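Text of input-v4.cif, listed as mmCIF, C-alpha atoms:
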```
data_query
loop_
_atom_site.label_atom_id
_atom_site.label_comp_id
_atom_site.auth_asym_id
_atom_site.auth_seq_id
_atom_site.Cartn_x
_atom_site.Cartn_y
_atom_site.Cartn_z
CA MET A 255 94.52 94.02 82.20
CA LYS A 256 97.73 93.43 80.26
CA TYR A 257 101.08 93.72 82.03
CA GLU A 258 104.35 94.98 80.63
CA PHE A 259 106.99 92.24 80.63
CA GLU A 260 110.72 92.32 80.02
CA TYR A 261 112.17 89.37 78.08
CA LEU A 262 115.77 88.44 78.86
CA GLN A 263 118.08 85.69 77.64
CA TYR A 264 118.79 83.86 80.90
CA SER A 265 121.09 81.28 79.30
CA GLU A 266 121.53 79.66 75.91
CA ARG A 267 118.51 77.45 76.72
CA ALA A 268 116.38 79.70 78.90
CA ILE A 269 114.31 82.90 78.67
CA LEU A 270 113.32 85.02 81.67
CA ILE A 271 110.05 86.95 81.48
CA ARG A 272 109.64 89.46 84.30
CA ASN A 273 107.58 92.38 85.52
CA SER A 274 108.82 95.07 87.90
CA SER A 275 105.82 94.84 90.24
CA GLU A 276 106.10 93.72 93.84
CA ILE A 277 103.93 90.98 95.36
CA ASP A 278 100.56 91.27 93.65
CA GLU A 279 97.84 88.62 93.41
CA ASN A 280 96.49 89.93 90.10
CA LEU A 281 99.96 89.64 88.56
CA LEU A 282 100.25 86.11 89.95
CA GLN A 283 96.98 85.15 88.23
CA GLU A 284 98.30 86.61 84.96
CA LEU A 285 101.60 84.74 85.29
CA ILE A 286 99.89 81.43 86.07
CA PHE A 287 97.62 81.79 83.04
CA PHE A 288 100.53 82.79 80.78
CA LYS A 289 102.55 79.85 82.14
CA ASN A 290 99.75 77.42 81.32
CA MET A 291 99.48 78.76 77.77
CA ILE A 292 103.24 78.44 77.23
CA GLU A 293 103.21 74.86 78.52
CA ILE A 294 100.37 73.94 76.16
CA LYS A 295 101.78 75.61 73.04
CA TYR A 296 105.45 74.70 73.53
CA ASN A 297 105.14 71.39 75.36
CA LYS A 298 107.37 69.61 72.83
CA VAL A 299 110.28 72.05 73.05
CA ILE A 300 110.44 73.09 76.71
CA VAL A 301 111.61 71.29 79.84
CA GLU A 302 109.62 73.36 82.33
CA VAL A 303 108.30 76.82 83.19
CA ILE A 304 108.97 78.13 86.70
CA ASN A 305 107.16 81.09 88.21
CA SER A 306 108.14 83.45 91.03
CA TYR A 307 106.42 86.56 92.41
CA ASN A 308 106.84 88.57 89.23
CA SER A 309 108.51 86.37 86.63
CA LEU A 310 108.49 83.20 84.52
CA LEU A 311 111.62 81.25 83.64
CA ILE A 312 111.30 79.04 80.56
CA TYR A 313 113.81 76.21 80.14
CA TYR A 314 114.04 74.84 76.59
CA ILE A 315 115.18 71.34 75.64
CA SER A 316 117.66 72.67 73.09
CA THR A 317 119.71 75.80 72.54
CA ILE A 318 117.61 78.81 71.52
CA GLU A 319 118.78 79.43 67.94
CA ASN A 320 117.07 82.80 67.49
CA PHE A 321 116.35 84.58 70.77
CA TYR A 322 114.51 87.52 69.16
CA SER A 323 112.23 85.24 67.17
CA ALA A 324 111.42 83.21 70.30
CA VAL A 325 110.60 86.42 72.20
CA LEU A 326 108.32 87.67 69.42
CA GLU A 327 106.41 84.38 69.56
CA LEU A 328 106.01 84.66 73.34
CA LYS A 329 104.87 88.28 73.11
CA SER A 330 102.35 87.36 70.42
CA LEU A 331 101.05 84.48 72.54
CA TYR A 332 100.55 86.77 75.52
CA LEU A 333 98.81 89.49 73.50
CA ASP A 334 96.50 86.94 71.86
CA ILE A 335 95.18 85.81 75.23
CA LYS A 336 91.72 87.36 75.26
CA THR A 337 89.49 85.19 77.42
CA LYS A 338 90.61 83.76 80.72
CA LYS A 339 88.95 80.87 82.42
CA THR A 340 88.23 81.35 86.08
CA ILE A 341 90.85 79.51 88.10
CA ARG A 342 89.44 77.59 91.04
CA ASN A 343 91.85 77.77 93.95
CA LYS A 344 92.60 74.74 96.06
CA CYS A 345 92.54 75.60 99.75
CA TRP A 346 94.62 73.48 102.15
CA GLU A 347 94.00 73.55 105.88
CA ILE A 348 97.34 73.06 107.60
CA PRO A 349 97.43 72.11 111.30
CA VAL A 350 100.03 74.07 113.27
CA CYS A 351 101.04 73.78 116.92
CA TYR A 352 102.08 77.09 118.48
CA ASP A 353 102.63 75.69 122.02
CA VAL A 354 105.68 77.05 123.83
CA ALA A 355 106.66 73.53 124.89
CA LEU A 356 107.14 72.62 121.22
CA VAL A 357 108.17 76.00 119.85
CA PRO A 358 109.89 78.07 122.57
CA GLU A 359 110.93 80.69 120.00
CA ILE A 360 107.38 82.02 119.85
CA GLU A 361 107.87 83.58 123.29
CA VAL A 362 110.82 85.63 122.01
CA PHE A 363 108.91 86.61 118.88
CA ALA A 364 105.82 87.71 120.83
CA ALA A 365 107.92 89.75 123.27
CA HIS A 366 109.74 91.41 120.38
CA LYS A 367 106.38 92.42 118.87
CA SER A 368 105.00 93.53 122.28
CA MET A 369 102.21 90.98 121.91
CA THR A 370 100.88 88.01 123.80
CA ILE A 371 101.37 84.56 122.29
CA SER A 372 97.59 84.41 121.80
CA ASP A 373 97.80 87.63 119.76
CA VAL A 374 100.46 86.12 117.51
CA ILE A 375 98.43 82.95 117.00
CA SER A 376 95.23 84.87 116.23
CA LEU A 377 96.94 87.14 113.71
CA HIS A 378 98.81 84.29 112.05
CA THR A 379 95.81 81.97 111.67
CA ALA A 380 93.34 84.64 110.51
CA PRO A 381 94.39 85.16 106.84
CA LEU A 382 93.80 82.96 103.83
CA TYR A 383 97.33 82.89 102.41
CA THR A 384 98.24 82.66 98.72
CA VAL A 385 101.02 80.35 97.54
CA TYR A 386 103.05 82.53 95.20
CA PHE A 387 105.75 80.01 94.38
CA LEU A 388 107.86 77.16 95.75
CA GLY A 389 111.58 77.66 96.25
CA PHE A 390 114.63 77.87 98.53
CA LEU A 391 113.97 74.22 99.41
CA PRO A 392 111.81 71.72 97.49
CA GLY A 393 108.32 72.14 98.89
CA PHE A 394 109.02 75.44 100.67
CA MET A 395 106.01 77.71 100.12
CA TYR A 396 106.36 81.47 99.77
CA LEU A 397 103.05 82.75 101.11
CA GLY A 398 101.50 86.18 100.67
CA GLY A 399 98.90 87.67 102.97
CA LEU A 400 100.74 88.01 106.29
CA ASP A 401 99.16 90.53 108.67
CA ASP A 402 101.23 93.74 108.70
CA ARG A 403 101.50 93.56 112.47
CA LEU A 404 103.54 90.34 112.21
CA ILE A 405 106.04 91.62 109.63
CA THR A 406 109.55 91.14 111.03
CA PRO A 407 112.95 91.36 109.30
CA ARG A 408 114.79 88.09 108.84
CA LYS A 409 117.37 87.11 111.43
CA THR A 410 120.74 88.83 111.07
CA ALA A 411 122.39 85.47 111.80
CA PRO A 412 120.50 82.47 110.36
CA SER A 413 119.89 79.43 112.55
CA LEU A 414 121.99 76.43 111.56
CA HIS A 415 119.21 73.93 112.26
CA VAL A 416 115.51 74.59 111.72
CA LYS A 417 113.34 71.54 112.29
CA LYS A 418 111.10 70.00 109.64
CA GLY A 419 107.60 71.46 109.74
CA SER A 420 108.69 74.72 111.36
CA VAL A 421 106.28 77.53 110.53
CA ALA A 422 108.16 80.80 110.32
CA ILE A 423 108.02 84.48 109.44
CA GLY A 424 110.59 86.38 107.39
CA GLY A 425 109.89 89.95 106.34
CA ASN A 426 106.33 90.15 105.01
CA GLN A 427 106.17 86.44 104.26
CA THR A 428 105.41 83.25 106.12
CA GLY A 429 106.12 79.65 105.20
CA VAL A 430 106.85 76.12 106.40
CA TYR A 431 110.25 74.41 106.30
CA PRO A 432 109.60 71.07 104.52
CA TYR A 433 112.55 69.35 106.20
CA ASP A 434 115.47 70.06 108.54
CA SER A 435 117.70 72.82 107.21
CA PRO A 436 119.44 76.08 108.07
CA GLY A 437 117.12 79.10 107.95
CA GLY A 438 116.89 82.79 108.73
CA TRP A 439 113.18 83.13 109.47
CA HIS A 440 111.58 83.42 112.92
CA VAL A 441 109.95 80.14 113.94
CA ILE A 442 106.56 80.55 115.64
CA GLY A 443 104.94 77.15 115.12
CA ARG A 444 105.33 73.58 113.94
CA SER A 445 103.22 71.53 111.56
CA PRO A 446 103.18 67.71 111.63
CA ILE A 447 102.41 67.56 107.89
CA SER A 448 104.93 66.31 105.35
CA PHE A 449 105.20 68.89 102.56
CA PHE A 450 107.70 67.12 100.33
CA ASP A 451 108.11 63.40 99.69
CA VAL A 452 110.08 62.03 96.74
CA HIS A 453 108.21 58.72 97.06
CA ASN A 454 104.90 60.33 96.10
CA ALA A 455 103.86 60.85 92.48
CA ALA A 456 103.34 64.52 93.33
CA CYS A 457 106.35 65.27 95.54
CA CYS A 458 104.62 68.38 96.90
CA PHE A 459 100.83 68.50 97.12
CA VAL A 460 100.78 72.32 97.05
CA SER A 461 101.04 74.38 93.85
CA PRO A 462 101.43 78.09 93.09
CA ASN A 463 98.13 79.98 93.34
CA ASP A 464 96.75 77.55 95.96
CA LYS A 465 95.44 78.91 99.25
CA ILE A 466 96.67 78.00 102.72
CA LYS A 467 94.74 78.27 105.99
CA PHE A 468 96.67 77.58 109.19
CA ILE A 469 94.66 75.84 111.92
CA SER A 470 95.93 76.09 115.51
CA ILE A 471 96.23 72.74 117.33
CA LYS A 472 97.55 71.67 120.74
CA GLU A 473 100.67 69.59 121.29
CA LYS A 474 98.71 66.35 121.86
CA LYS A 475 96.93 66.77 118.53
CA TYR A 476 100.29 67.52 116.92
CA ASN A 477 101.72 64.27 118.28
CA ASP A 478 98.67 62.27 117.20
CA ILE A 479 98.86 63.60 113.64
CA SER A 480 102.64 63.03 113.55
CA VAL A 481 102.09 59.32 114.28
CA LEU A 482 99.50 59.07 111.50
CA VAL A 483 101.78 60.89 109.05
CA SER A 484 104.72 58.60 109.86
CA ASN A 485 102.49 55.59 109.10
CA ASN A 486 101.09 57.09 105.89
CA LEU A 487 97.62 57.25 107.42
CA TYR A 488 97.07 61.01 107.22
CA THR A 489 96.08 62.82 104.04
CA VAL A 490 95.52 66.52 103.55
CA LYS A 491 92.53 67.09 101.27
CA PRO A 492 91.71 70.46 99.71
CA SER A 493 88.51 72.39 99.49
CA PHE A 494 87.94 74.87 96.65
CA VAL A 495 87.52 78.62 96.88
#
```
How does this structure look as structure tokens?
Amino acid sequence: MKYEFEYLQYSERAILIRNSSEIDENLLQELIFFKNMIEIKYNKVIVEVINSYNSLLIYYISTIENFYSAVLELKSLYLDIKTKKTIRNKCWEIPVCYDVALVPEIEVFAAHKSMTISDVISLHTAPLYTVYFLGFLPGFMYLGGLDDRLITPRKTAPSLHVKKGSVAIGGNQTGVYPYDSPGGWHVIGRSPISFFDVHNAACCFVSPNDKIKFISIKEKKYNDISVLVSNNLYTVKPSFV
């Protein structure tokens, strides 16, 4: 299926390609494939291509001399895409501790949803989430697939300090804070994994279109993994789905 895209001049060196659809996994697949084709064809003239839920932002090395000509080339490239290779998704199992001793906020969240903490954990760990894009903070994953029963509006007043590894819910999304920062999502768990490290060749091991599976662990296991992570002895390895 072909999607209708709007092409906008974002700046003198950038073009925004967007679709009006909401969160949709089929659209994500289309955007990822289109992004890959753009990167292959225009690798000598672009800096990068960034995707979000329903858009691509292309940054060019130089000023775009003829915006309309550039758009026609992009439209032609998209329309000429006839055969798509099946994309194998990496699936990352992420350990998360939901214990009240480590994450007292989960009690408030569960009470607000008229659930037990066990209910919250079961609903949150059941889905196979899709990474739609990374943003807000380097390494912060915007994940689709949250159970409708856990959907909760963001906080009216953001917290000034959310700890690194905090697993949180905001609206119909869930994600993990890659390091200490302010944040307006409801924290329900904590992961000992490091999601962003400038000292690694790949600063973030997760990419858009990957899958995430949260695995519930106890506080002792959390502490054990934290020690391994701090000593660079713990590696998250993907499976493929």
List as a list in words the residues having at least one atom at most 12 Å from position (93.0, 70.5, 102.0) as given in the file, counting only C-alpha atoms.
Asn343, Lys344, Cys345, Trp346, Glu347, Ile348, Pro349, Ile447, Phe459, Val460, Asp464, Lys465, Ile466, Lys467, Phe468, Ile469, Tyr488, Thr489, Val490, Lys491, Pro492, Ser493, Phe494 and Val495 of chain A
Applied to this file, what does the PyMOL selection byres ((chain A and resi 427) around 10) return in terms of residues, put as number ranges by chain?
A: 383, 395-402, 404-408, 422-426, 428-429, 439
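You will find atom CA of Pro358 of chain A at 23.2 Å from atom CA of Pro381 of chain A.
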Return the single residue from A:Asn308, A:Ser445, A:Ser376, A:Ser461 that is closest to Asp478 of chain A, with distances computed using all atoms listed in the file.
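Of A:Asn308, A:Ser445, A:Ser376, A:Ser461, the one nearest Asp478 of chain A is A:Ser445, counting all atoms listed in the file.
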Can you measure atom CA of Gly393 of chain A to atom CA of Tyr313 of chain A for me? One decimal in Å is fine.
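Taking atom CA of Gly393 of chain A as the start and atom CA of Tyr313 of chain A as the end point, the length is 20.0 Å.
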Given the file shown, enumerate the residues that the PyMOL selection byres ((chain A and resi 291) around 12) captures and present them as a list of chain:residue names.
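Evaluating the PyMOL selection byres ((chain A and resi 291) around 12) on these coordinates yields A:Glu284, A:Leu285, A:Ile286, A:Phe287, A:Phe288, A:Lys289, A:Asn290, A:Ile292, A:Glu293, A:Ile294, A:Lys295, A:Tyr296, A:Asn297, A:Val303, A:Leu328, A:Lys329, A:Ser330, A:Leu331, A:Tyr332, A:Leu333, A:Asp334, A:Ile335, A:Lys336, A:Thr337, A:Lys338, A:Lys339.
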To one decimal place in Å, what is the distance between atom CA of Ser316 of chain A and atom CA of Val301 of chain A?
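Answer for the atom CA of Ser316 of chain A to atom CA of Val301 of chain A separation: 9.2 Å.
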I'd like to know which of A:Ile471, A:Asn477, A:Pro462, A:Leu281 is closest to Thr384 of chain A, using all atoms listed in the file.
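Using all atoms listed in the file, Thr384 of chain A sits closest to A:Pro462.
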Using only C-alpha atoms, can you tell me which of A:Thr410, A:Ser275, A:Thr317, A:Ser306 comes closest to Gln263 of chain A?
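Closest candidate: A:Thr317.
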Within 7 Å of (98.7, 85.8, 94.6) (file coordinates; only C-alpha atoms), which protein or nucleic acid residues are there? I'd like them as a PyMOL selection string.
chain A and resi 278-280+282-283+384-386+398+463
Once the PyMOL selection byres ((chain A and resi 375) around 10) has been applied to the shown file, what residues remain in the selection, as a ChimeraX atom specification?
/A:350-353,360,364,370-374,376-380,442-443,468-470
If we count all atoms listed in the file and set the cut-off at 9 Å, which residues sit around Ile304 of chain A, ignoring sequence neighbours fewer than 4 positions away in its own chain? Please answer as a list in words.
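Here the qualifying residues turn out to be Lys289, Ser309, Leu310, Leu311, Ile312, Tyr313 and Phe387 of chain A.
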